[in-house]
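run_37.txt (compact mmCIF, C-alpha atoms and all ligand atoms) appears below.
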```txt
# COMPACT_ATOMS: atom_id res chain seq x y z
CA MET A 20 0.00 0.00 0.00
CA THR A 21 2.88 2.41 0.70
CA PRO A 22 3.95 3.74 -2.73
CA SER A 23 7.29 2.71 -4.25
CA HIS A 24 7.98 6.18 -5.73
CA TRP A 25 7.72 9.85 -4.82
CA TYR A 26 6.00 12.11 -7.36
CA ASN A 27 7.83 15.14 -8.76
CA ILE A 28 5.23 17.56 -10.14
CA ILE A 29 7.72 19.98 -11.77
CA PRO A 30 7.93 18.28 -15.22
CA ASP A 31 4.10 18.30 -15.36
CA LEU A 32 3.85 22.11 -14.96
CA THR A 33 3.30 24.43 -17.94
CA ALA A 34 6.47 26.32 -16.91
CA PRO A 35 9.25 25.46 -14.43
CA PRO A 36 9.59 27.54 -11.23
CA PRO A 37 12.21 30.35 -11.29
CA PRO A 38 15.59 29.11 -9.95
CA PRO A 39 17.18 30.13 -6.62
CA LEU A 40 19.76 32.92 -7.12
CA HIS A 41 23.15 33.47 -5.53
CA PRO A 42 22.81 36.76 -3.60
CA ALA A 43 26.28 38.00 -4.65
CA THR A 44 26.16 37.21 -8.39
CA MET A 45 22.38 37.10 -8.95
CA GLN A 46 23.03 34.00 -11.05
CA PRO A 47 21.16 30.70 -10.48
CA VAL A 48 22.84 28.68 -7.73
CA GLY A 49 24.65 25.55 -8.88
CA PRO A 50 25.35 22.24 -7.12
CA ASP A 51 28.72 23.57 -5.87
CA ASP A 52 27.01 26.40 -4.00
CA LEU A 53 24.72 23.95 -2.21
CA ALA A 54 27.25 21.14 -1.55
CA PRO A 55 28.40 22.51 1.84
CA LEU A 56 24.79 22.33 3.06
CA PHE A 57 23.12 19.33 1.39
CA PRO A 58 24.13 15.85 0.19
CA MET A 59 24.48 15.38 -3.59
CA GLU A 60 21.47 13.08 -3.85
CA LEU A 61 19.15 15.76 -2.42
CA ILE A 62 20.74 18.50 -4.56
CA GLY A 63 19.94 16.25 -7.55
CA GLN A 64 16.36 15.73 -6.39
CA GLU A 65 15.93 19.49 -5.92
CA VAL A 66 16.42 20.05 -9.67
CA SER A 67 15.21 16.67 -10.94
CA THR A 68 13.10 16.48 -14.09
CA ASP A 69 12.10 12.84 -13.49
CA ARG A 70 8.37 12.53 -12.78
CA PHE A 71 8.93 9.69 -10.32
CA VAL A 72 11.83 9.01 -7.95
CA GLU A 73 12.21 5.56 -6.42
CA ILE A 74 12.02 5.38 -2.60
CA PRO A 75 15.09 3.51 -1.28
CA GLN A 76 14.41 0.20 0.48
CA GLU A 77 16.10 1.49 3.68
CA VAL A 78 13.63 4.39 3.75
CA LEU A 79 10.63 2.13 3.05
CA ASP A 80 11.75 -0.07 5.95
CA VAL A 81 11.45 2.90 8.33
CA TYR A 82 8.23 4.22 6.71
CA ARG A 83 6.73 0.81 7.49
CA LEU A 84 6.78 1.68 11.23
CA TRP A 85 3.69 3.85 10.63
CA ARG A 86 2.79 3.82 6.92
CA PRO A 87 0.35 3.54 5.30
CA THR A 88 -1.45 6.11 7.45
CA PRO A 89 -5.23 5.96 7.84
CA LEU A 90 -7.72 7.77 5.62
CA ILE A 91 -10.86 8.27 7.69
CA ARG A 92 -14.35 9.47 6.83
CA ALA A 93 -15.47 12.02 9.44
CA HIS A 94 -18.98 10.59 9.86
CA ARG A 95 -19.41 12.02 13.35
CA LEU A 96 -18.28 15.51 12.41
CA GLU A 97 -20.58 15.42 9.37
CA LYS A 98 -23.47 14.43 11.60
CA ALA A 99 -22.76 17.15 14.15
CA LEU A 100 -22.62 19.74 11.35
CA GLN A 101 -25.77 18.31 9.73
CA THR A 102 -24.05 18.68 6.39
CA PRO A 103 -24.64 16.74 3.18
CA ALA A 104 -20.88 17.08 2.51
CA ARG A 105 -18.72 13.99 2.84
CA ILE A 106 -15.53 14.78 4.74
CA TYR A 107 -12.41 12.61 4.65
CA TYR A 108 -9.15 13.24 6.49
CA LYS A 109 -5.73 11.70 5.90
CA TYR A 110 -4.17 11.35 9.35
CA GLU A 111 -0.38 11.73 9.63
CA GLY A 112 -0.34 11.94 13.44
CA VAL A 113 0.35 8.20 13.72
CA SER A 114 4.06 8.72 12.91
CA PRO A 115 6.58 8.44 15.79
CA ALA A 116 6.93 12.24 15.98
CA GLY A 117 3.18 12.78 15.60
CA SER A 118 3.16 14.63 12.26
CA HIS A 119 3.90 14.28 8.53
CA LYS A 120 7.48 15.57 8.97
CA PRO A 121 9.18 12.15 9.33
CA ASN A 122 8.18 11.46 5.69
CA THR A 123 11.06 13.73 4.64
CA ALA A 124 13.26 13.54 7.77
CA VAL A 125 13.86 9.83 7.16
CA PRO A 126 15.09 10.08 3.54
CA GLN A 127 17.12 13.21 4.37
CA ALA A 128 18.93 11.45 7.21
CA TYR A 129 19.38 8.33 5.07
CA TYR A 130 21.01 10.16 2.11
CA ASN A 131 23.28 12.16 4.43
CA ALA A 132 24.42 9.01 6.27
CA ARG A 133 25.03 7.23 2.94
CA GLU A 134 27.31 10.10 1.82
CA GLY A 135 29.40 9.95 5.01
CA VAL A 136 27.93 12.92 6.88
CA ARG A 137 28.18 12.57 10.67
CA ARG A 138 26.02 15.39 12.01
CA LEU A 139 22.92 17.29 10.90
CA THR A 140 21.85 20.75 12.05
CA THR A 141 18.40 22.22 11.74
CA GLU A 142 15.91 24.72 13.13
CA THR A 143 12.52 23.97 14.58
CA GLY A 144 9.52 26.14 15.39
CA ALA A 145 6.88 24.20 17.28
CA GLY A 146 9.33 21.30 17.63
CA GLN A 147 7.62 18.98 15.17
CA TRP A 148 10.39 19.15 12.59
CA GLY A 149 13.10 18.92 15.26
CA SER A 150 11.58 15.82 16.82
CA SER A 151 11.14 14.25 13.37
CA LEU A 152 14.75 14.86 12.38
CA ALA A 153 15.99 13.70 15.80
CA PHE A 154 14.03 10.44 15.31
CA ALA A 155 15.39 10.00 11.77
CA CYS A 156 19.00 10.70 12.84
CA ALA A 157 18.66 8.04 15.54
CA GLN A 158 17.59 5.54 12.85
CA PHE A 159 20.76 6.12 10.81
CA GLY A 160 23.34 6.83 13.56
CA LEU A 161 23.72 10.59 12.93
CA GLU A 162 24.27 13.31 15.54
CA CYS A 163 21.58 15.99 15.53
CA GLN A 164 21.83 19.65 16.65
CA ILE A 165 18.65 21.71 16.74
CA TRP A 166 17.96 25.45 17.12
CA MET A 167 14.46 25.79 18.56
CA VAL A 168 12.63 29.13 18.35
CA ARG A 169 12.73 30.61 21.87
CA ALA A 170 8.95 31.18 22.06
CA SER A 171 8.30 27.45 21.49
CA TYR A 172 11.27 26.36 23.63
CA ASP A 173 9.56 28.07 26.57
CA GLN A 174 5.97 27.13 25.64
CA LYS A 175 6.55 23.49 24.63
CA PRO A 176 9.09 21.92 26.97
CA TYR A 177 7.95 18.37 26.16
CA ARG A 178 8.76 18.74 22.46
CA ARG A 179 12.28 19.59 23.59
CA SER A 180 12.29 16.51 25.85
CA LEU A 181 11.19 14.35 22.92
CA MET A 182 14.12 15.58 20.79
CA GLN A 183 16.47 14.84 23.68
CA VAL A 184 14.98 11.36 24.16
CA TYR A 185 15.82 10.70 20.48
CA GLY A 186 19.39 11.83 21.26
CA ALA A 187 19.48 15.38 19.82
CA THR A 188 21.09 18.51 21.32
CA VAL A 189 18.64 21.42 21.53
CA HIS A 190 19.54 25.16 21.69
CA ALA A 191 17.02 27.94 22.33
CA SER A 192 17.23 30.36 19.37
CA PRO A 193 18.58 33.03 19.26
CA SER A 194 21.51 31.32 20.99
CA PRO A 195 24.90 32.63 22.07
CA VAL A 196 26.70 29.74 20.30
CA THR A 197 26.45 31.25 16.80
CA GLY A 198 27.42 34.59 15.30
CA ALA A 199 23.89 35.17 13.95
CA GLY A 200 22.30 34.39 17.33
CA SER A 201 24.80 36.50 19.32
CA LYS A 202 24.18 39.48 17.07
CA ILE A 203 20.41 39.32 17.60
CA LEU A 204 20.79 38.80 21.36
CA ALA A 205 23.06 41.86 21.55
CA GLU A 206 20.35 43.96 19.89
CA ASN A 207 17.46 42.38 21.76
CA PRO A 208 18.27 40.09 24.73
CA ASP A 209 14.56 39.24 25.11
CA SER A 210 14.06 38.14 21.48
CA THR A 211 11.46 35.36 21.27
CA GLY A 212 13.11 34.23 18.04
CA SER A 213 11.68 33.23 14.68
CA LEU A 214 12.15 30.43 12.19
CA GLY A 215 14.22 32.78 10.03
CA ILE A 216 16.68 33.41 12.87
CA ALA A 217 16.92 29.72 13.80
CA ILE A 218 17.64 28.83 10.16
CA SER A 219 20.52 31.35 10.13
CA GLU A 220 22.02 29.65 13.19
CA ALA A 221 21.72 26.09 11.87
CA VAL A 222 23.07 27.06 8.42
CA GLU A 223 26.00 28.92 9.98
CA VAL A 224 27.11 25.88 12.00
CA ALA A 225 26.69 23.45 9.07
CA GLY A 226 28.81 25.69 6.84
CA GLN A 227 31.76 25.53 9.25
CA ASP A 228 32.38 21.75 9.23
CA PRO A 229 32.59 19.40 6.22
CA ALA A 230 31.16 16.45 8.23
CA THR A 231 28.12 18.54 9.22
CA ARG A 232 25.22 19.36 6.92
CA TYR A 233 21.91 21.08 7.23
CA ALA A 234 18.36 19.75 6.83
CA LEU A 235 15.22 21.74 6.10
CA GLY A 236 11.76 20.46 7.03
CA SER A 237 9.67 22.27 4.42
CA VAL A 238 9.83 24.81 1.55
CA LEU A 239 12.31 23.03 -0.77
CA ASN A 240 11.31 20.96 -3.83
CA HIS A 241 12.77 17.69 -2.52
CA VAL A 242 10.87 18.07 0.77
CA LEU A 243 7.55 18.57 -1.02
CA MET A 244 8.34 15.56 -3.22
CA HIS A 245 9.03 13.29 -0.22
CA GLN A 246 5.66 14.27 1.22
CA THR A 247 3.80 12.99 -1.86
CA VAL A 248 3.63 9.58 -0.16
CA ILE A 249 0.61 11.13 1.62
CA GLY A 250 -1.31 11.88 -1.56
CA GLU A 251 -0.28 8.69 -3.38
CA GLU A 252 -1.70 6.62 -0.52
CA ALA A 253 -4.83 8.76 -0.29
CA LEU A 254 -5.50 8.38 -4.05
CA LYS A 255 -5.72 4.62 -3.55
CA GLN A 256 -7.63 4.78 -0.25
CA LEU A 257 -10.31 7.32 -1.15
CA PRO A 258 -13.47 5.54 -2.37
CA GLU A 259 -14.64 8.55 -4.44
CA ARG A 260 -13.33 11.53 -6.34
CA PRO A 261 -12.98 14.63 -4.11
CA ASP A 262 -14.40 18.00 -5.17
CA LEU A 263 -12.13 19.93 -2.85
CA VAL A 264 -8.72 19.29 -1.23
CA ILE A 265 -7.81 21.47 1.77
CA GLY A 266 -4.53 21.79 3.68
CA CYS A 267 -2.78 24.24 5.99
CA THR A 268 0.39 25.92 4.72
CA GLY A 269 3.46 27.02 6.68
CA GLY A 270 6.20 26.22 4.19
CA GLY A 271 3.74 24.20 2.12
CA SER A 272 4.89 20.59 2.47
CA ASN A 273 1.86 18.82 3.95
CA PHE A 274 -0.53 20.57 1.57
CA ALA A 275 1.71 19.78 -1.43
CA GLY A 276 2.17 16.20 -0.25
CA LEU A 277 -1.55 15.56 -0.23
CA ALA A 278 -2.45 17.75 -3.22
CA PHE A 279 0.20 17.01 -5.89
CA PRO A 280 -0.86 13.43 -6.71
CA PHE A 281 -4.49 14.62 -6.91
CA MET A 282 -3.48 17.49 -9.21
CA ARG A 283 -1.93 14.87 -11.52
CA GLU A 284 -4.97 12.56 -11.52
CA HIS A 285 -7.79 15.11 -11.16
CA PRO A 286 -6.50 18.51 -12.33
CA ASP A 287 -9.99 20.03 -12.49
CA ILE A 288 -10.88 19.76 -8.79
CA THR A 289 -10.46 22.67 -6.35
CA PHE A 290 -7.38 22.89 -4.15
CA ARG A 291 -7.27 25.33 -1.23
CA ALA A 292 -4.37 26.35 1.03
CA VAL A 293 -5.18 27.81 4.46
CA GLU A 294 -2.76 30.10 6.28
CA PRO A 295 -2.95 31.99 9.60
CA GLU A 296 -4.29 35.52 9.63
CA ALA A 297 -1.10 36.42 11.56
CA CYS A 298 1.28 35.12 8.86
CA PRO A 299 -0.44 35.41 5.46
CA SER A 300 2.31 34.79 2.88
CA PHE A 301 0.08 33.84 -0.08
CA THR A 302 -2.76 36.24 0.56
CA ARG A 303 -0.88 39.39 1.66
CA GLY A 304 2.78 38.69 0.84
CA ARG A 305 4.64 39.73 -2.30
CA TYR A 306 5.86 37.29 -4.99
CA ALA A 307 9.53 38.28 -5.09
CA TYR A 308 13.07 37.07 -4.55
CA ASP A 309 13.90 37.04 -0.84
CA PHE A 310 16.18 35.32 1.64
CA GLY A 311 14.93 32.15 3.33
CA ASP A 312 16.42 33.26 6.66
CA THR A 313 16.73 36.45 8.69
CA ALA A 314 20.50 36.95 8.50
CA GLY A 315 20.61 36.53 4.70
CA PHE A 316 22.78 33.38 4.52
CA THR A 317 20.55 31.40 2.16
CA PRO A 318 20.19 31.72 -1.61
CA LEU A 319 17.48 34.08 -2.83
CA LEU A 320 14.21 32.24 -3.38
CA LYS A 321 11.37 33.54 -5.53
CA MET A 322 8.37 33.07 -3.27
CA HIS A 323 5.40 34.69 -1.60
CA THR A 324 7.09 36.47 1.26
CA LEU A 325 6.27 38.90 4.05
CA GLY A 326 9.94 39.94 4.06
CA HIS A 327 12.81 38.05 5.72
CA SER A 328 12.83 40.56 8.61
CA PHE A 329 9.16 39.87 9.37
CA VAL A 330 8.63 38.31 12.82
CA PRO A 331 5.10 36.91 13.11
CA ASP A 332 3.11 37.31 16.30
CA PRO A 333 3.51 34.34 18.65
CA ILE A 334 0.45 32.34 17.56
CA HIS A 335 0.27 28.76 18.86
CA ALA A 336 0.57 27.22 15.38
CA GLY A 337 4.37 27.59 15.51
CA GLY A 338 4.77 25.51 12.33
CA LEU A 339 2.95 28.19 10.33
CA ARG A 340 5.09 31.12 11.55
CA TYR A 341 7.39 31.45 8.55
CA HIS A 342 7.86 34.66 6.55
CA GLY A 343 8.11 32.87 3.21
CA MET A 344 6.54 29.99 1.31
CA SER A 345 7.69 27.13 -0.88
CA PRO A 346 8.96 28.61 -4.20
CA LEU A 347 7.34 25.71 -6.06
CA LEU A 348 3.92 26.31 -4.50
CA SER A 349 4.36 30.08 -4.93
CA HIS A 350 4.93 29.54 -8.65
CA MET A 351 1.91 27.21 -8.88
CA TYR A 352 -0.22 29.79 -7.07
CA GLU A 353 0.77 32.33 -9.74
CA LEU A 354 -0.22 29.73 -12.36
CA GLY A 355 -3.66 29.64 -10.73
CA MET A 356 -3.46 25.98 -9.73
CA PHE A 357 -4.97 26.49 -6.24
CA GLU A 358 -6.70 29.02 -3.98
CA ALA A 359 -5.50 30.46 -0.66
CA VAL A 360 -7.49 31.77 2.32
CA THR A 361 -6.74 32.82 5.91
CA ARG A 362 -8.27 31.81 9.25
CA SER A 363 -7.86 33.42 12.67
CA GLN A 364 -6.36 31.64 15.66
CA THR A 365 -9.56 31.50 17.74
CA GLU A 366 -11.73 30.13 14.93
CA CYS A 367 -9.05 27.47 14.35
CA PHE A 368 -9.06 26.33 17.98
CA GLU A 369 -12.85 26.32 17.95
CA ALA A 370 -12.63 23.94 14.97
CA GLY A 371 -9.96 21.85 16.73
CA VAL A 372 -12.14 21.37 19.80
CA ARG A 373 -15.18 20.56 17.66
CA PHE A 374 -13.14 17.97 15.79
CA ALA A 375 -11.80 16.42 19.02
CA ARG A 376 -15.32 16.15 20.48
CA THR A 377 -16.68 14.39 17.39
CA GLU A 378 -13.81 12.45 15.79
CA GLY A 379 -11.77 11.97 19.00
CA ILE A 380 -8.38 13.10 17.68
CA VAL A 381 -6.93 16.30 19.19
CA PRO A 382 -5.41 18.08 16.17
CA ALA A 383 -2.16 20.03 16.23
CA PRO A 384 -2.78 23.80 16.06
CA GLU A 385 -1.51 23.91 12.43
CA PRO A 386 -4.09 21.57 10.84
CA THR A 387 -6.90 23.26 12.80
CA HIS A 388 -6.58 25.88 10.04
CA ALA A 389 -7.50 23.25 7.46
CA LEU A 390 -10.28 21.99 9.75
CA ALA A 391 -11.74 25.49 10.24
CA GLU A 392 -11.93 25.87 6.46
CA THR A 393 -13.32 22.34 6.04
CA ILE A 394 -16.06 23.03 8.60
CA ALA A 395 -16.90 26.39 6.97
CA GLU A 396 -17.19 24.66 3.59
CA ALA A 397 -19.34 21.86 5.05
CA LEU A 398 -21.67 24.49 6.56
CA ARG A 399 -21.90 26.22 3.15
CA CYS A 400 -22.91 22.82 1.73
CA LYS A 401 -25.61 22.61 4.38
CA GLU A 402 -27.08 25.88 3.07
CA THR A 403 -26.86 24.97 -0.62
CA GLY A 404 -27.64 21.27 -0.17
CA GLU A 405 -24.55 20.38 -2.21
CA PRO A 406 -23.08 16.96 -1.27
CA LYS A 407 -19.45 17.99 -1.85
CA VAL A 408 -16.65 15.52 -1.17
CA ILE A 409 -13.95 17.24 0.89
CA LEU A 410 -10.52 15.77 1.55
CA THR A 411 -8.35 17.39 4.19
CA ALA A 412 -4.86 16.89 5.59
CA LEU A 413 -4.83 16.18 9.32
CA CYS A 414 -1.06 16.47 9.39
CA GLY A 415 -0.43 16.02 13.12
CA HIS A 416 -1.84 15.52 16.60
CA GLY A 417 -1.83 18.14 19.34
CA HIS A 418 -0.73 16.06 22.33
CA PHE A 419 2.21 18.40 22.94
CA ASP A 420 0.04 21.48 22.47
CA MET A 421 -2.31 21.08 25.40
CA ALA A 422 -1.14 24.34 27.00
CA ALA A 423 -2.54 26.12 23.94
CA TYR A 424 -5.85 24.25 24.27
CA ASP A 425 -5.89 25.20 27.99
CA ARG A 426 -5.64 28.86 27.03
CA TYR A 427 -8.40 28.51 24.47
CA LEU A 428 -10.70 26.73 26.94
CA ALA A 429 -9.97 29.37 29.60
CA GLY A 430 -11.04 32.07 27.15
CA GLU A 431 -7.57 33.62 27.20
CA MET A 432 -6.69 33.16 23.56
CA ARG A 433 -6.71 36.21 21.34
CA ASP A 434 -6.35 37.03 17.67
CA PHE A 435 -3.61 39.22 16.27
CA ALA A 436 -4.63 41.75 13.66
CA LEU A 437 -1.78 42.32 11.25
CA PRO A 438 -1.62 46.01 10.26
CA GLN A 439 -0.55 46.69 6.67
CA GLU A 440 2.27 48.94 7.96
CA ARG A 441 4.05 45.97 9.52
CA ILE A 442 3.99 44.08 6.22
CA ASP A 443 5.10 47.18 4.29
CA GLU A 444 7.97 47.73 6.70
CA ALA A 445 9.26 44.16 6.38
CA LEU A 446 8.84 44.22 2.60
CA SER A 447 10.95 47.38 2.40
CA THR A 448 13.96 45.21 3.35
CA LEU A 449 13.58 42.85 0.36
CA PRO A 450 16.84 42.42 -1.55
CA VAL A 451 16.99 44.33 -4.84
CA THR A 452 17.22 41.90 -7.76
CA GLY A 453 17.27 44.41 -10.61
C1 LIG B 501 5.59 21.76 10.22
C2 LIG B 501 4.17 21.55 10.28
C3 LIG B 501 3.30 22.30 9.48
C4 LIG B 501 3.75 23.39 8.56
O1 LIG B 501 4.62 22.98 7.55
P1 LIG B 501 4.18 22.63 6.08
O2 LIG B 501 5.47 22.44 5.37
O3 LIG B 501 3.38 23.77 5.54
O4 LIG B 501 3.38 21.37 6.14
C5 LIG B 501 1.96 22.04 9.58
N1 LIG B 501 1.48 21.11 10.40
C6 LIG B 501 2.27 20.35 11.18
C7 LIG B 501 1.66 19.33 12.07
C8 LIG B 501 3.65 20.55 11.14
O5 LIG B 501 4.45 19.80 11.88
```
Write-out of the structure in structure tokens:
Amino acid sequence: MTPSHWYNIIPDLTAPPPPPLHPATMQPVGPDDLAPLFPMELIGQEVSTDRFVEIPQEVLDVYRLWRPTPLIRAHRLEKALQTPARIYYKYEGVSPAGSHKPNTAVPQAYYNAREGVRRLTTETGAGQWGSSLAFACAQFGLECQIWMVRASYDQKPYRRSLMQVYGATVHASPSPVTGAGSKILAENPDSTGSLGIAISEAVEVAGQDPATRYALGSVLNHVLMHQTVIGEEALKQLPERPDLVIGCTGGGSNFAGLAFPFMREHPDITFRAVEPEACPSFTRGRYAYDFGDTAGFTPLLKMHTLGHSFVPDPIHAGGLRYHGMSPLLSHMYELGMFEAVTRSQTECFEAGVRFARTEGIVPAPEPTHALAETIAEALRCKETGEPKVILTALCGHGHFDMAAYDRYLAGEMRDFALPQERIDEALSTLPVTG
């Protein structure tokens, strides 16, 4: 049931996405520029024009610990909503780390180990990517060093414990152990951090040692491709053709992972990305070349961005607090291949609680965005009488996010309005690409 290949959507697009640029030369980056950070196999996958890439047996052996994941019809939610819509969710929370992230952490660790790398560095927001990479490194005997955004480090101590149980070293970011972190701490000792800052720290350390490389949990083409195991399985499991596919988007990987195989098989159905009101890259960002990190160490990526200096408000969906978006999805959004909408934090938690009380699973704060949109759509169907088939990505459970649910239940959660001036200010620091 678990597919034998990942699906690469790029050769099926009407035009390829614009390449990453070297910030000094403004020329497309080549393999040599990326070699200090990534293993050759992943650099090859990043620019591959093969439609399908075979999943190595060693990776399939680890996937088998939790794959295939269940595809479940939400009968009880449908009933509670009194909707004629039929709602299905693909549940990735059954993985060891509790989210879809191990789908790419495992192959990334495997290819690095195969090429002789001894240590991986990375950043993590909510801790889901960090715990996934820590788990994957333990499978292949790699050391793992993680920079965890300070806000989450303080709010989610058990995610940190989980990474440590898997054997990783965890730093609160900004940290004094890197140049990028020290600089930010000097300017603002109380900085709560951001994914962009944590990326700068992890990239800096990887660049200093040939036996150390860096791993990214979303955004890049190879990450989105690894996640297509979700959609390939769902295509086979779903007993009917969906009318609408809905997923939350931080860097875009769980949405792409579910959606891409359906875009190949059913290009005429509706696809919808849901992002937080507090970090709206698709809906209010600019499609432009920008850095992937705060310090400006990464290549320039053409993407929907709020500006690399943008620090989102500390919403509980830490995995969605990223200033940019996958360049591949950004390009596809420009091609009109899917829609994007925003949802506020409180309506998302309301949806999460409603889902838990009907379907039993407590969702992670990130996929509550997809659930809020799914519920809104199902209620529209109730008004129109349309029996739409909705497929949504339930990309993780919320067992480490109970403090956030406590705040919601206590009525202490609030929404963050994002004034246009804050976006304009961050966008004024975009690099000039001529
Ligand atoms: C990381 C994460 C996200 C956001 O990342 P994407 O690449 O957009 O999927 C969403 N949900 C969960 C559970 C995550 O761990």
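Checking A:Val242, A:Val72, A:Ala225, A:Ala375 one by one against Glu142 of chain A, counting all atoms listed in the file, you find the shortest gap at A:Ala225.
Using all atoms listed in the file as the basis for the distance check, residues found within 7 Å of ligand LIG 501 (chain B) are Ser118, His119, Lys120, Gln147, Trp148, Gly236, Ser237, Val238, Cys267, Thr268, Gly269, Gly270, Gly271, Ser272, Asn273, Phe274, Gly338, Leu339, Ala383, Glu385, Pro386, Cys414, Gly415 and His416 of chain A.
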I need the chosen residues saved as a PDB file, in the coordinates of the input, with C-alpha atoms.
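part.pdb, written as the output of this step:
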```
ATOM      1  CA  SER A 118       3.160  14.630  12.260  1.00  0.00           C
ATOM      2  CA  HIS A 119       3.900  14.280   8.530  1.00  0.00           C
ATOM      3  CA  LYS A 120       7.480  15.570   8.970  1.00  0.00           C
ATOM      4  CA  GLN A 147       7.620  18.980  15.170  1.00  0.00           C
ATOM      5  CA  TRP A 148      10.390  19.150  12.590  1.00  0.00           C
ATOM      6  CA  GLY A 236      11.760  20.460   7.030  1.00  0.00           C
ATOM      7  CA  SER A 237       9.670  22.270   4.420  1.00  0.00           C
ATOM      8  CA  VAL A 238       9.830  24.810   1.550  1.00  0.00           C
ATOM      9  CA  CYS A 267      -2.780  24.240   5.990  1.00  0.00           C
ATOM     10  CA  THR A 268       0.390  25.920   4.720  1.00  0.00           C
ATOM     11  CA  GLY A 269       3.460  27.020   6.680  1.00  0.00           C
ATOM     12  CA  GLY A 270       6.200  26.220   4.190  1.00  0.00           C
ATOM     13  CA  GLY A 271       3.740  24.200   2.120  1.00  0.00           C
ATOM     14  CA  SER A 272       4.890  20.590   2.470  1.00  0.00           C
ATOM     15  CA  ASN A 273       1.860  18.820   3.950  1.00  0.00           C
ATOM     16  CA  PHE A 274      -0.530  20.570   1.570  1.00  0.00           C
ATOM     17  CA  GLY A 338       4.770  25.510  12.330  1.00  0.00           C
ATOM     18  CA  LEU A 339       2.950  28.190  10.330  1.00  0.00           C
ATOM     19  CA  ALA A 383      -2.160  20.030  16.230  1.00  0.00           C
ATOM     20  CA  GLU A 385      -1.510  23.910  12.430  1.00  0.00           C
ATOM     21  CA  PRO A 386      -4.090  21.570  10.840  1.00  0.00           C
ATOM     22  CA  CYS A 414      -1.060  16.470   9.390  1.00  0.00           C
ATOM     23  CA  GLY A 415      -0.430  16.020  13.120  1.00  0.00           C
ATOM     24  CA  HIS A 416      -1.840  15.520  16.600  1.00  0.00           C
TER      25      HIS A 416
END
```
**Request:** Excluding Ala397 of chain A and any residue of its chain fewer than 5 positions from it, enumerate the residues within 9 Å of it, using all atoms listed in the file, and give them as a PyMOL selection string.
**Result:** chain A and resi 97+100-106+392+402+406-407+409
**Request:** Excluding segment 183-194 of chain A and any residue of its chain fewer than 4 positions from it, enumerate the residues within 9 Å of it, using only C-alpha atoms, and give them as a ChimeraX atom specification.
**Result:** /A:142,149-150,152-157,162-173,178-179,198-204,208,210-214,216-217,220
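Here the question is which of A:His94, A:His350, A:Arg291, A:Arg376 gets nearest to His388 of chain A using all atoms listed in the file, and that residue is A:Arg291.
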Using only C-alpha atoms and a cutoff of 10 Å, can you tell me which residues are near (0.6, 13.8, -1.7) in the file's coordinates, and write them out as a PDB file with C-alpha atoms, in the coordinates of the input?
```pdb
ATOM      1  CA  TRP A  25       7.720   9.850  -4.820  1.00  0.00           C
ATOM      2  CA  TYR A  26       6.000  12.110  -7.360  1.00  0.00           C
ATOM      3  CA  LEU A 243       7.550  18.570  -1.020  1.00  0.00           C
ATOM      4  CA  MET A 244       8.340  15.560  -3.220  1.00  0.00           C
ATOM      5  CA  HIS A 245       9.030  13.290  -0.220  1.00  0.00           C
ATOM      6  CA  GLN A 246       5.660  14.270   1.220  1.00  0.00           C
ATOM      7  CA  THR A 247       3.800  12.990  -1.860  1.00  0.00           C
ATOM      8  CA  VAL A 248       3.630   9.580  -0.160  1.00  0.00           C
ATOM      9  CA  ILE A 249       0.610  11.130   1.620  1.00  0.00           C
ATOM     10  CA  GLY A 250      -1.310  11.880  -1.560  1.00  0.00           C
ATOM     11  CA  GLU A 251      -0.280   8.690  -3.380  1.00  0.00           C
ATOM     12  CA  GLU A 252      -1.700   6.620  -0.520  1.00  0.00           C
ATOM     13  CA  ALA A 253      -4.830   8.760  -0.290  1.00  0.00           C
ATOM     14  CA  LEU A 254      -5.500   8.380  -4.050  1.00  0.00           C
ATOM     15  CA  SER A 272       4.890  20.590   2.470  1.00  0.00           C
ATOM     16  CA  ASN A 273       1.860  18.820   3.950  1.00  0.00           C
ATOM     17  CA  PHE A 274      -0.530  20.570   1.570  1.00  0.00           C
ATOM     18  CA  ALA A 275       1.710  19.780  -1.430  1.00  0.00           C
ATOM     19  CA  GLY A 276       2.170  16.200  -0.250  1.00  0.00           C
ATOM     20  CA  LEU A 277      -1.550  15.560  -0.230  1.00  0.00           C
ATOM     21  CA  ALA A 278      -2.450  17.750  -3.220  1.00  0.00           C
ATOM     22  CA  PHE A 279       0.200  17.010  -5.890  1.00  0.00           C
ATOM     23  CA  PRO A 280      -0.860  13.430  -6.710  1.00  0.00           C
ATOM     24  CA  PHE A 281      -4.490  14.620  -6.910  1.00  0.00           C
ATOM     25  CA  MET A 282      -3.480  17.490  -9.210  1.00  0.00           C
ATOM     26  CA  ALA A 412      -4.860  16.890   5.590  1.00  0.00           C
TER      27      ALA A 412
END
```
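Among the candidates A:Ala34, A:Ile91, A:Met20, A:Ala43, the residue lying nearest to Leu257 of chain A is A:Ile91 (atoms considered: all atoms listed in the file).
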**Item:** Protein/DNA/RNA residues near (24.8, 22.6, -0.9), cut 12 Å, only C-alpha atoms, as a count of residues only
**Value:** 30
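The shortest atom-to-atom distance to Thr411 of chain A, with all atoms listed in the file taken into account, belongs to A:Pro261 out of A:Pro42, A:Gly304, A:Pro261, A:Gly146.
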**Message:** My list of candidates is A:Val360, A:Thr302, A:Leu263, A:Gly417. Which is closest to Ala336 of chain A when distances are computed with only C-alpha atoms?
**Reply:** A:Gly417
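One distance worth recording is that between atom CA of Phe71 of chain A and atom CA of Asp262 of chain A, which is 25.3 Å.
The two atoms in question, atom CA of Ile380 of chain A and atom CA of Met432 of chain A, are spaced 21.0 Å apart.
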